[in-house]
Structure formats: C-alpha cells, structure tokens
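Just coords.txt here, compact mmCIF, C-alpha atoms:
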# COMPACT_ATOMS: atom_id res chain seq x y z
CA MET A 1 109.41 90.58 71.55
CA PHE A 2 111.67 91.41 74.46
CA SER A 3 114.62 92.84 72.53
CA GLY A 4 115.37 96.54 72.53
CA TRP A 5 113.55 97.28 75.78
CA SER A 6 114.49 100.42 77.63
CA SER A 7 113.91 100.87 81.36
CA THR A 8 111.03 103.22 80.57
CA PRO A 9 108.75 102.86 77.52
CA PRO A 10 108.35 105.86 75.16
CA ARG A 11 106.67 108.93 76.59
CA SER A 12 103.72 110.89 75.32
CA ARG A 13 104.63 114.36 74.08
CA ALA A 14 101.63 115.93 75.77
CA GLN A 15 103.75 117.49 78.52
CA PRO A 16 107.56 117.37 78.27
CA LEU A 17 109.43 116.39 81.41
CA ASP A 18 111.56 119.53 81.42
CA GLU A 19 108.58 121.74 82.18
CA GLU A 20 108.30 123.26 85.62
CA PRO A 21 106.25 121.19 88.11
CA VAL A 22 102.81 122.49 88.95
CA GLU A 23 103.00 123.29 92.65
CA ILE A 24 99.81 123.74 94.63
CA THR A 25 99.77 126.26 97.47
CA ALA A 26 97.38 126.51 100.40
CA ALA A 27 95.30 129.09 98.53
CA ASP A 28 94.77 126.70 95.61
CA VAL A 29 93.61 123.63 97.51
CA ALA A 30 89.94 124.55 97.96
CA ASN A 31 89.66 125.39 94.26
CA LEU A 32 91.26 122.08 93.31
CA VAL A 33 88.82 120.16 95.45
CA ASP A 34 85.75 122.00 94.16
CA ASN A 35 86.85 122.30 90.53
CA ALA A 36 89.28 119.44 90.05
CA GLY A 37 89.30 119.54 86.25
CA LYS A 38 89.35 123.28 85.47
CA LYS A 39 93.13 123.84 85.46
CA GLU A 40 94.68 122.52 82.28
CA ALA A 41 97.69 120.98 84.05
CA LEU A 42 95.38 119.17 86.46
CA ARG A 43 93.10 117.25 84.14
CA HIS A 44 93.28 113.52 83.49
CA GLU A 45 93.83 113.95 79.76
CA ASP A 46 96.80 116.30 80.22
CA ALA A 47 98.86 114.06 82.52
CA GLU A 48 102.00 112.85 80.76
CA VAL A 49 101.83 109.19 79.77
CA VAL A 50 105.07 107.45 80.72
CA PHE A 51 103.73 104.13 79.43
CA ASN A 52 100.33 102.75 78.53
CA LEU A 53 100.27 99.00 77.95
CA THR A 54 97.21 97.11 76.74
CA GLU A 55 96.23 93.46 76.48
CA ALA A 56 98.06 93.32 73.14
CA ASP A 57 101.33 94.21 74.92
CA SER A 58 100.93 91.69 77.73
CA THR A 59 103.14 88.65 78.27
CA PRO A 60 101.33 87.01 81.20
CA ILE A 61 103.38 83.81 81.45
CA PHE A 62 106.82 85.42 81.25
CA SER A 63 105.80 88.41 83.36
CA GLY A 64 104.04 86.13 85.83
CA ILE A 65 107.34 84.33 86.43
CA CYS A 66 109.01 87.71 87.08
CA LEU A 67 106.27 88.78 89.49
CA THR A 68 106.49 85.43 91.27
CA ALA A 69 110.22 86.00 91.74
CA TYR A 70 109.56 89.48 93.16
CA ILE A 71 106.89 88.28 95.58
CA GLY A 72 108.87 85.12 96.39
CA ILE A 73 111.94 87.16 97.35
CA TRP A 74 109.69 89.33 99.52
CA ILE A 75 108.14 86.38 101.38
CA SER A 76 111.30 84.25 101.70
CA SER A 77 113.26 87.23 102.99
CA VAL A 78 110.81 87.85 105.83
CA LEU A 79 110.87 84.12 106.60
CA SER A 80 114.68 83.91 106.36
CA PRO A 81 115.24 83.19 110.10
CA ALA A 82 112.98 80.14 109.83
CA ILE A 83 114.68 79.09 106.58
CA PHE A 84 118.16 79.36 108.10
CA THR A 85 117.06 77.41 111.17
CA GLY A 86 115.44 74.68 109.07
CA LEU A 87 118.54 74.26 106.89
CA TYR A 88 120.75 74.02 109.97
CA LEU A 89 118.54 71.46 111.71
CA THR A 90 118.34 69.31 108.59
CA GLY A 91 122.09 69.43 108.03
CA ASN A 92 121.88 71.23 104.68
CA TYR A 93 125.03 73.22 105.39
CA LYS A 94 126.06 73.99 101.82
CA THR A 95 122.79 75.71 100.99
CA LEU A 96 122.87 77.43 104.36
CA SER A 97 126.38 78.75 103.67
CA VAL A 98 125.34 80.17 100.30
CA LEU A 99 122.28 81.91 101.76
CA LEU A 100 124.26 83.28 104.70
CA GLY A 101 126.78 84.63 102.19
CA LEU A 102 124.00 86.42 100.31
CA ALA A 103 122.66 87.74 103.61
CA ALA A 104 126.08 89.15 104.48
CA LEU A 105 126.41 90.68 101.00
CA SER A 106 123.14 92.56 101.48
CA TYR A 107 124.82 94.59 104.24
CA ALA A 108 127.91 95.50 102.19
CA PRO A 109 128.66 99.26 102.43
CA VAL A 110 128.48 99.68 98.65
CA LEU A 111 126.68 97.65 96.01
CA PRO A 112 126.37 98.37 92.28
CA HIS A 113 123.06 99.42 90.76
CA LEU A 114 122.32 96.95 87.98
CA ALA A 115 120.62 99.01 85.27
CA TRP A 116 119.90 95.92 83.17
CA LEU A 117 118.10 94.23 86.07
CA ARG A 118 116.09 97.37 86.79
CA SER A 119 115.15 97.61 83.12
CA PHE A 120 114.25 93.92 82.99
CA PHE A 121 111.76 94.06 85.87
CA GLY A 122 110.58 97.55 84.94
CA ASN A 123 109.44 96.28 81.55
CA ALA A 124 108.35 92.77 82.47
CA ASN A 125 106.18 93.37 85.54
CA PRO A 126 103.55 95.73 84.06
CA ARG A 127 103.08 93.40 81.09
CA TYR A 128 101.52 90.82 83.40
CA PHE A 129 98.34 92.87 83.78
CA LYS A 130 95.56 93.27 81.20
CA ASN A 131 96.11 97.02 81.01
CA CYS A 132 98.77 98.97 82.88
CA SER A 133 99.87 102.58 82.69
CA LEU A 134 101.90 105.23 84.47
CA ARG A 135 101.08 108.92 84.27
CA LEU A 136 102.72 112.03 85.71
CA GLU A 137 100.75 115.18 86.39
CA ALA A 138 104.07 116.98 86.79
CA PRO A 139 107.73 115.95 86.62
CA VAL A 140 109.32 114.65 89.81
CA ASP A 141 112.17 117.17 89.70
CA GLU A 142 115.44 115.97 91.22
CA LYS A 143 116.33 119.59 92.08
CA LYS A 144 113.12 120.14 94.06
CA PRO A 145 112.97 117.65 96.94
CA THR A 146 109.62 116.13 97.72
CA VAL A 147 107.97 113.37 99.75
CA VAL A 148 106.21 111.00 97.36
CA CYS A 149 103.30 109.40 99.22
CA VAL A 150 102.00 106.26 97.54
CA HIS A 151 98.44 105.00 98.04
CA PRO A 152 97.19 102.39 98.62
CA HIS A 153 99.62 99.85 100.08
CA GLY A 154 97.84 96.92 98.45
CA LEU A 155 98.79 93.43 99.60
CA PHE A 156 102.15 93.25 97.83
CA CYS A 157 102.69 96.93 96.90
CA LEU A 158 102.42 96.44 93.14
CA GLY A 159 102.10 100.14 92.28
CA TRP A 160 104.83 101.06 94.74
CA GLY A 161 107.09 98.39 93.29
CA GLN A 162 106.60 99.73 89.76
CA LEU A 163 107.42 103.27 90.85
CA PHE A 164 110.58 101.99 92.55
CA ILE A 165 111.93 100.72 89.22
CA THR A 166 110.67 103.62 87.08
CA ASP A 167 113.34 105.89 85.64
CA ALA A 168 111.34 109.05 86.37
CA LEU A 169 111.79 108.34 90.11
CA LYS A 170 115.20 106.68 90.11
CA HIS A 171 116.66 109.55 92.18
CA VAL A 172 114.07 109.04 94.94
CA ASN A 173 114.89 107.12 98.14
CA PHE A 174 112.11 104.56 98.68
CA CYS A 175 111.49 103.92 102.38
CA PHE A 176 110.32 100.35 102.98
CA SER A 177 109.04 98.75 106.16
CA GLY A 178 111.97 98.34 108.54
CA VAL A 179 111.28 94.63 108.98
CA LEU A 180 111.28 94.10 105.23
CA TYR A 181 114.31 96.28 104.53
CA MET A 182 116.37 94.56 107.22
CA SER A 183 115.52 91.09 105.86
CA PRO A 184 118.50 89.95 103.78
CA PHE A 185 117.22 88.74 100.39
CA PHE A 186 114.81 91.61 99.82
CA ARG A 187 117.43 94.10 101.01
CA LEU A 188 119.97 92.75 98.51
CA PHE A 189 117.43 92.67 95.68
CA THR A 190 116.26 96.25 96.20
CA ARG A 191 119.77 97.64 96.68
CA LEU A 192 120.74 96.23 93.29
CA LEU A 193 117.70 97.86 91.67
CA GLY A 194 117.47 101.32 93.23
CA LYS A 195 117.69 103.42 96.38
CA PRO A 196 115.88 101.63 99.23
CA ALA A 197 115.90 102.61 102.90
CA ALA A 198 113.99 101.93 106.10
CA VAL A 199 110.94 104.05 106.87
CA ASP A 200 112.01 105.42 110.23
CA LYS A 201 112.57 108.86 111.73
CA LYS A 202 116.35 108.68 111.42
CA SER A 203 116.25 107.85 107.71
CA ILE A 204 113.60 110.42 106.85
CA ILE A 205 115.32 113.28 108.69
CA GLY A 206 118.67 112.20 107.25
CA PHE A 207 117.37 112.48 103.67
CA MET A 208 115.68 115.80 104.37
CA LYS A 209 118.81 117.32 105.87
CA LYS A 210 120.60 116.42 102.63
CA GLY A 211 117.75 117.75 100.47
CA GLU A 212 117.01 114.36 98.90
CA SER A 213 113.57 113.22 97.77
CA LEU A 214 111.98 110.19 99.40
CA ALA A 215 108.93 107.99 98.97
CA LEU A 216 106.81 106.20 101.55
CA ILE A 217 103.44 104.52 102.00
CA PRO A 218 101.62 106.44 104.76
CA GLY A 219 98.93 103.77 105.15
CA GLY A 220 101.37 100.97 105.98
CA PHE A 221 100.06 97.60 107.12
CA GLU A 222 96.69 99.16 107.96
CA ASP A 223 96.22 100.00 104.28
CA ALA A 224 96.88 96.36 103.44
CA THR A 225 94.36 95.23 106.05
CA LEU A 226 91.73 97.46 104.43
CA HIS A 227 92.44 96.13 100.92
CA CYS A 228 89.12 95.32 99.21
CA LEU A 229 88.23 94.20 95.68
CA THR A 230 85.37 96.66 95.22
CA VAL A 231 86.46 99.98 96.76
CA ASP A 232 89.63 102.02 97.19
CA ARG A 233 90.60 102.79 100.79
CA THR A 234 93.58 104.40 102.43
CA PHE A 235 94.53 104.67 106.10
CA ILE A 236 95.68 108.27 106.51
CA LYS A 237 93.68 110.12 109.19
CA ALA A 238 96.10 109.19 111.99
CA ARG A 239 99.28 109.44 109.89
CA LYS A 240 100.71 112.93 110.33
CA GLY A 241 104.44 112.45 110.93
CA PHE A 242 105.42 112.86 107.28
CA VAL A 243 103.47 116.14 107.16
CA LYS A 244 105.32 117.48 110.20
CA TYR A 245 108.71 116.69 108.66
CA ALA A 246 107.67 118.23 105.33
CA LEU A 247 106.76 121.46 107.14
CA GLN A 248 110.00 121.49 109.13
CA TYR A 249 112.26 121.01 106.11
CA GLY A 250 110.26 122.88 103.49
CA TYR A 251 109.40 119.82 101.36
CA THR A 252 106.52 119.50 98.95
CA ILE A 253 104.32 116.39 99.25
CA THR A 254 103.53 114.51 96.05
CA PRO A 255 100.63 112.01 96.11
CA ALA A 256 100.66 108.92 93.92
CA PHE A 257 97.74 106.55 93.51
CA SER A 258 97.62 103.02 92.11
CA PHE A 259 94.17 102.75 90.54
CA GLY A 260 92.95 99.18 90.11
CA GLU A 261 95.40 97.58 92.53
CA ARG A 262 92.39 96.74 94.66
CA GLY A 263 91.48 94.10 92.04
CA SER A 264 94.76 92.19 92.37
CA PHE A 265 93.84 90.06 95.40
CA ASP A 266 90.92 88.95 97.50
CA ASN A 267 91.39 89.78 101.19
CA TYR A 268 89.41 89.00 104.33
CA GLN A 269 87.09 91.85 105.36
CA GLY A 270 86.10 92.82 108.91
CA ASN A 271 87.48 92.71 112.48
CA TYR A 272 89.45 95.84 111.68
CA GLU A 273 89.93 97.05 115.24
CA GLN A 274 91.61 93.81 116.30
CA ARG A 275 93.66 93.62 113.11
CA PHE A 276 94.83 97.23 113.46
CA LYS A 277 96.17 96.38 116.92
CA LEU A 278 98.30 93.64 115.38
CA ASN A 279 99.37 96.02 112.59
CA ALA A 280 100.56 98.49 115.24
CA MET A 281 102.92 95.76 116.48
CA GLY A 282 104.33 95.27 112.99
CA ILE A 283 102.25 92.18 112.22
CA PRO A 284 100.45 92.07 108.84
CA THR A 285 96.90 90.72 108.89
CA ILE A 286 96.21 89.94 105.25
CA THR A 287 94.79 86.85 103.54
CA PRO A 288 95.97 87.16 99.93
CA LYS A 289 94.15 85.17 97.30
CA GLY A 290 95.12 86.01 93.76
CA LEU A 291 94.88 83.39 91.03
CA SER A 292 92.87 80.37 92.12
CA TRP A 293 95.68 77.95 91.24
CA PHE A 294 98.49 80.11 92.66
CA PRO A 295 97.15 82.48 95.33
CA ILE A 296 100.29 84.62 95.82
CA LEU A 297 100.24 85.66 92.15
CA PRO A 298 97.85 88.60 91.58
CA LYS A 299 94.77 88.46 89.42
CA ARG A 300 95.29 89.91 85.93
CA CYS A 301 93.45 93.13 86.64
CA ASP A 302 94.05 96.64 85.27
CA ILE A 303 96.51 98.84 87.18
CA HIS A 304 96.98 102.52 86.39
CA ILE A 305 99.43 104.55 88.46
CA VAL A 306 99.21 108.34 88.62
CA VAL A 307 101.84 110.54 90.25
CA GLY A 308 100.13 113.81 91.12
CA ALA A 309 101.30 117.40 91.20
CA PRO A 310 103.22 118.36 94.37
CA LEU A 311 101.48 120.12 97.23
CA LYS A 312 103.60 123.06 98.36
CA LEU A 313 103.50 123.84 102.07
CA GLN A 314 104.83 126.82 103.97
CA ARG A 315 108.07 125.99 105.80
CA ILE A 316 107.64 126.08 109.58
CA GLU A 317 110.72 125.00 111.53
CA LYS A 318 108.75 124.35 114.71
CA PRO A 319 105.19 123.54 113.62
CA THR A 320 102.49 123.36 116.25
CA ALA A 321 99.93 120.58 116.40
CA GLU A 322 97.49 123.01 114.80
CA ASP A 323 99.94 123.68 111.94
CA VAL A 324 100.35 119.96 111.32
CA ASP A 325 96.59 119.31 111.44
CA LYS A 326 95.94 122.10 108.93
CA ALA A 327 98.62 120.86 106.52
CA HIS A 328 97.47 117.26 106.97
CA LYS A 329 93.92 118.23 105.97
CA MET A 330 95.32 120.05 102.95
CA TYR A 331 97.13 116.89 101.91
CA ILE A 332 94.03 114.72 102.27
CA ASP A 333 92.06 117.21 100.17
CA HIS A 334 94.87 117.17 97.61
CA LEU A 335 94.89 113.36 97.50
CA VAL A 336 91.10 113.18 97.11
CA ALA A 337 91.25 115.76 94.30
CA LEU A 338 93.85 113.61 92.51
CA TYR A 339 91.64 110.55 92.91
CA ASP A 340 88.56 112.39 91.64
CA ARG A 341 90.39 113.69 88.56
CA HIS A 342 91.19 110.18 87.35
CA LYS A 343 88.68 107.71 88.83
CA ASP A 344 86.08 107.94 86.06
CA ALA A 345 88.71 107.42 83.36
CA PHE A 346 89.90 104.19 84.97
CA TYR A 347 86.73 102.85 86.62
CA GLY A 348 83.94 104.31 84.51
CA GLU A 349 81.58 107.21 85.02
CA GLY A 350 80.09 107.45 88.49
CA ALA A 351 82.91 105.56 90.21
CA ALA A 352 82.79 105.39 94.00
CA GLU A 353 84.59 107.89 96.20
CA LEU A 354 87.92 107.13 97.85
CA GLU A 355 87.38 105.95 101.43
CA ILE A 356 89.57 107.83 103.92
CA TRP A 357 90.21 105.89 107.12
Could you quickly redo this structure as structure tokens?
Amino acid sequence: MFSGWSSTPPRSRAQPLDEEPVEITAADVANLVDNAGKKEALRHEDAEVVFNLTEADSTPIFSGICLTAYIGIWISSVLSPAIFTGLYLTGNYKTLSVLLGLAALSYAPVLPHLAWLRSFFGNANPRYFKNCSLRLEAPVDEKKPTVVCVHPHGLFCLGWGQLFITDALKHVNFCFSGVLYMSPFFRLFTRLLGKPAAVDKKSIIGFMKKGESLALIPGGFEDATLHCLTVDRTFIKARKGFVKYALQYGYTITPAFSFGERGSFDNYQGNYEQRFKLNAMGIPTITPKGLSWFPILPKRCDIHIVVGAPLKLQRIEKPTAEDVDKAHKMYIDHLVALYDRHKDAFYGEGAAELEIW
C-alpha cells in the first residue's frame, strides 16, 4: 500500500501548474467580495486538486503514529530545557549526551534536505484523516515572490504542517514561532524536511530583500486560543506588519485556509482577554483534547486546504499608516472571499461565516 509514493499525489488536469497565476488588484477586490464565484479561475470547482484523499485511502493507525511523532517532536522540543535538566539530575548522562549532540547538530550551518523523509510525512500525515485534500486556485510561482498567509493556526498547525511538506511550496521559506524554531529537536526536524525560519522582522526583511517567498501564520497564538470545534475564526484585525512589508517590497499576499481543522481538537472557550495577554508574552493558552484515549492526537475529522490566488498590491516604499490600513482591509476582504468560495463545498450549504477577530 505504501510503495511507489511520490512526495505529492497525482494532480488534477483542470488547471495546469504552468499557467500564469491569477493576480487580484485593488480594483478587483470589491467585485470578488460581492461576486465571489463569477470569475472562472476563482470558483471552487476550478481550483487545481493537488490531492484528494477519502476514507478509502486512509491508514489511520500508521498515519497516527507519524502524526504522533510530529506532535511529539514539537512538544518535546519546547520542553527540551526541562528534559535536559531532568536527565542531568537523574544521572542519565549517556542519553543526555546524545540529545545534546542532536541539539548541537540542529544549529549546523548546512544540513541536507531529506527528500525521502519529506515524501514519507507528506504522504502519511493526510491519510490519518477521514477526508483530506489540497487545492490551488493558482500556482505558487517561484519566480513571483509572495507572502503565503495561512489561516487558522489550529492547535498544532495541521494545515500549515502539510503545506510545509508539499512540493508545490517547497521553495517557500516557512516562518515558525521563534520559540519553536530555536528549540533543538523541532529545528533539526524541520531543517531536514524543508526551509524553516523564525518569524521575526530580520528574517522577513532578509527574505524580501533577496526576492524569496515566505509563509507565516498571521493569527499566531491568538488564533490557537480562539480555536473552536463549531466555527472558523482567525485573529487578523491587529496584525498589519506583514502587509506593510509586502507594500514596501512589492510582494503579493497569498491566503491559504485549512477548512475543517477546527474539528481536530476540543479547546477551552472564553476568558479571551486574559488569554490574549499571555499570548502576547509568547505563552500559549490552549487545552488540546483530541482522541479520548490519546488527547494530543487529533480527532479523525475532514481537513481541506485551499491556497488562494495572490492579492497584488501597489508597491509603496514608505507606506503611511493609511496605506497599510487600506491594504490590510483589502487582504481581509480577499481572505473572506476565499473562504466564501469554498465553505459550502466543505461544510454544506449555508455554512457559517468566517469570524474575523
């Protein structure tokens, strides 16, 4: 069953990847919002299907082990200081030496990209879910730099993680939380799979000066705090920095949405103001509950990821606050239009609106 896998399953021929991306200008945005399905390239049924896996394709036990490894590396990496301390205090020096060696390796100047490992996780992870798909409204062109903005964060970034190991975006620099990227095991793991970086001003400007595409999650920990089983939410109203940089360097902004990720975990609701204050200090405030017998493993829900068409903005080397606000509103409208184009197909007719926080 697992032989002959490629890093990306066969594509639909509905829209070849060598076609020009559909870029949306300021003049188009209002029309997209009011008439989301009228342009042929911007309808749900015309998005290119990168893969579309059903229950018949799923391998929940095998893929569950792979997802557990992914999430386990994530958690153990963040807890690595406590792990190192515990091993030292208990006199487990051999294990400590091995882990410290791996930690040092994660900071090596150059590490190989292991295509087989990328392919392995890229094919195994989506087969855990009942139904899982990836669609592109337009190619993510390596020659046309863009900022890929992924929504929502989710509790363990399942959609983001799949995009990170998808061949269509293998040229994109994925900007992770600085705390996570600096933690040794996760840093090593992601460097072997793709092009990770820290989501900070220095990294973002550095990529843009070189004309390289990058991806980030604008909602951050606040998105995770808002995670809810019954409604999609994204924390974006106060996040404008990426828009300012896109204006300064003439980048397009490409939204991506992970439909159904909300169903992967239960999460405590309420006390948002207090939790947002902790999030601002870099402290997550989530209470993940996935499977009843193994809470860190997600529920076997449906997840459908859509990478939208890029929003083209006018380049302004020194944008004013008014320029940024205008472009930011354009992006929110563009994101909502993407959501509205696809929500009924994935959730059923009359699906709820995306909540913008």
Atomic separation - atom CA of A:Gln269 relative to atom CA of A:Leu229, Å: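 Those two atoms sit 10.0 Å apart.
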Neighbouring residues of A:Lys326 were defined as those with any atom within 12 Å, considering all atoms listed in the file; residues of the same chain fewer than 5 positions away were excluded. Please report them as a list in words. Ala26, Val29, Lys240, Val243, Lys244, Leu247, Leu313, Gln314, Pro319, Thr320, Ala321, Tyr331, Ile332 and Asp333 of chain A
Axis-aligned box over every listed atom of stretch 197-210 of chain A, padded by 3 Å per side: centre and edges in Å to one decimal, as JSON?
{"center_x": 115.8, "center_y": 109.6, "center_z": 107.2, "size_x": 15.7, "size_y": 21.4, "size_z": 15.1}
Looking at A:Phe120, A:Phe186, A:Phe259, A:Phe242, which one is nearest to A:Cys301, with distances taken over only C-alpha atoms?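 Closest residue, counting only C-alpha atoms: A:Phe259.
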From A:Cys132, A:Val148, A:Met330, A:Leu114, residue lying nearest A:Phe346 [all atoms listed in the file]: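 Distance minimum relative to A:Phe346 lands on A:Cys132.
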List the residues sitting within 8 Å of (113.8, 102.6, 103.8) in the file's frame, using all atoms listed in the file, as a list in words.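 Checking each residue against the 8 Å limit leaves Asn173, Phe174, Cys175, Phe176, Ser177, Gly178, Tyr181, Pro196, Ala197, Ala198, Val199, Asp200 and Ser203 of chain A.
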Just want the 7 Å neighbourhood of stretch 110-113 of chain A, counted on all atoms listed in the file, with same-chain residues fewer than 3 positions away dropped. Output as a VMD selection string. chain A and resid 191 to 194
With all atoms listed in the file as the basis for distance, which of A:Leu79, A:Ile65, A:Val49, A:Ile73 is at the shortest distance from A:Leu134? A:Val49
Could you list as a ChimeraX atom specification every residue that has an atom within 12 Å of (90.8, 96.9, 111.5), using the file's coordinates and counting only C-alpha atoms? /A:221-227,235,268-280,284-286,357
Given only C-alpha atoms as the basis, pick out the residue of A:Leu158, A:Met208, A:Ile305, A:Ile236 nearest to A:Thr68.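 Going through A:Leu158, A:Met208, A:Ile305, A:Ile236 one by one, the smallest distance to A:Thr68 is for A:Leu158.
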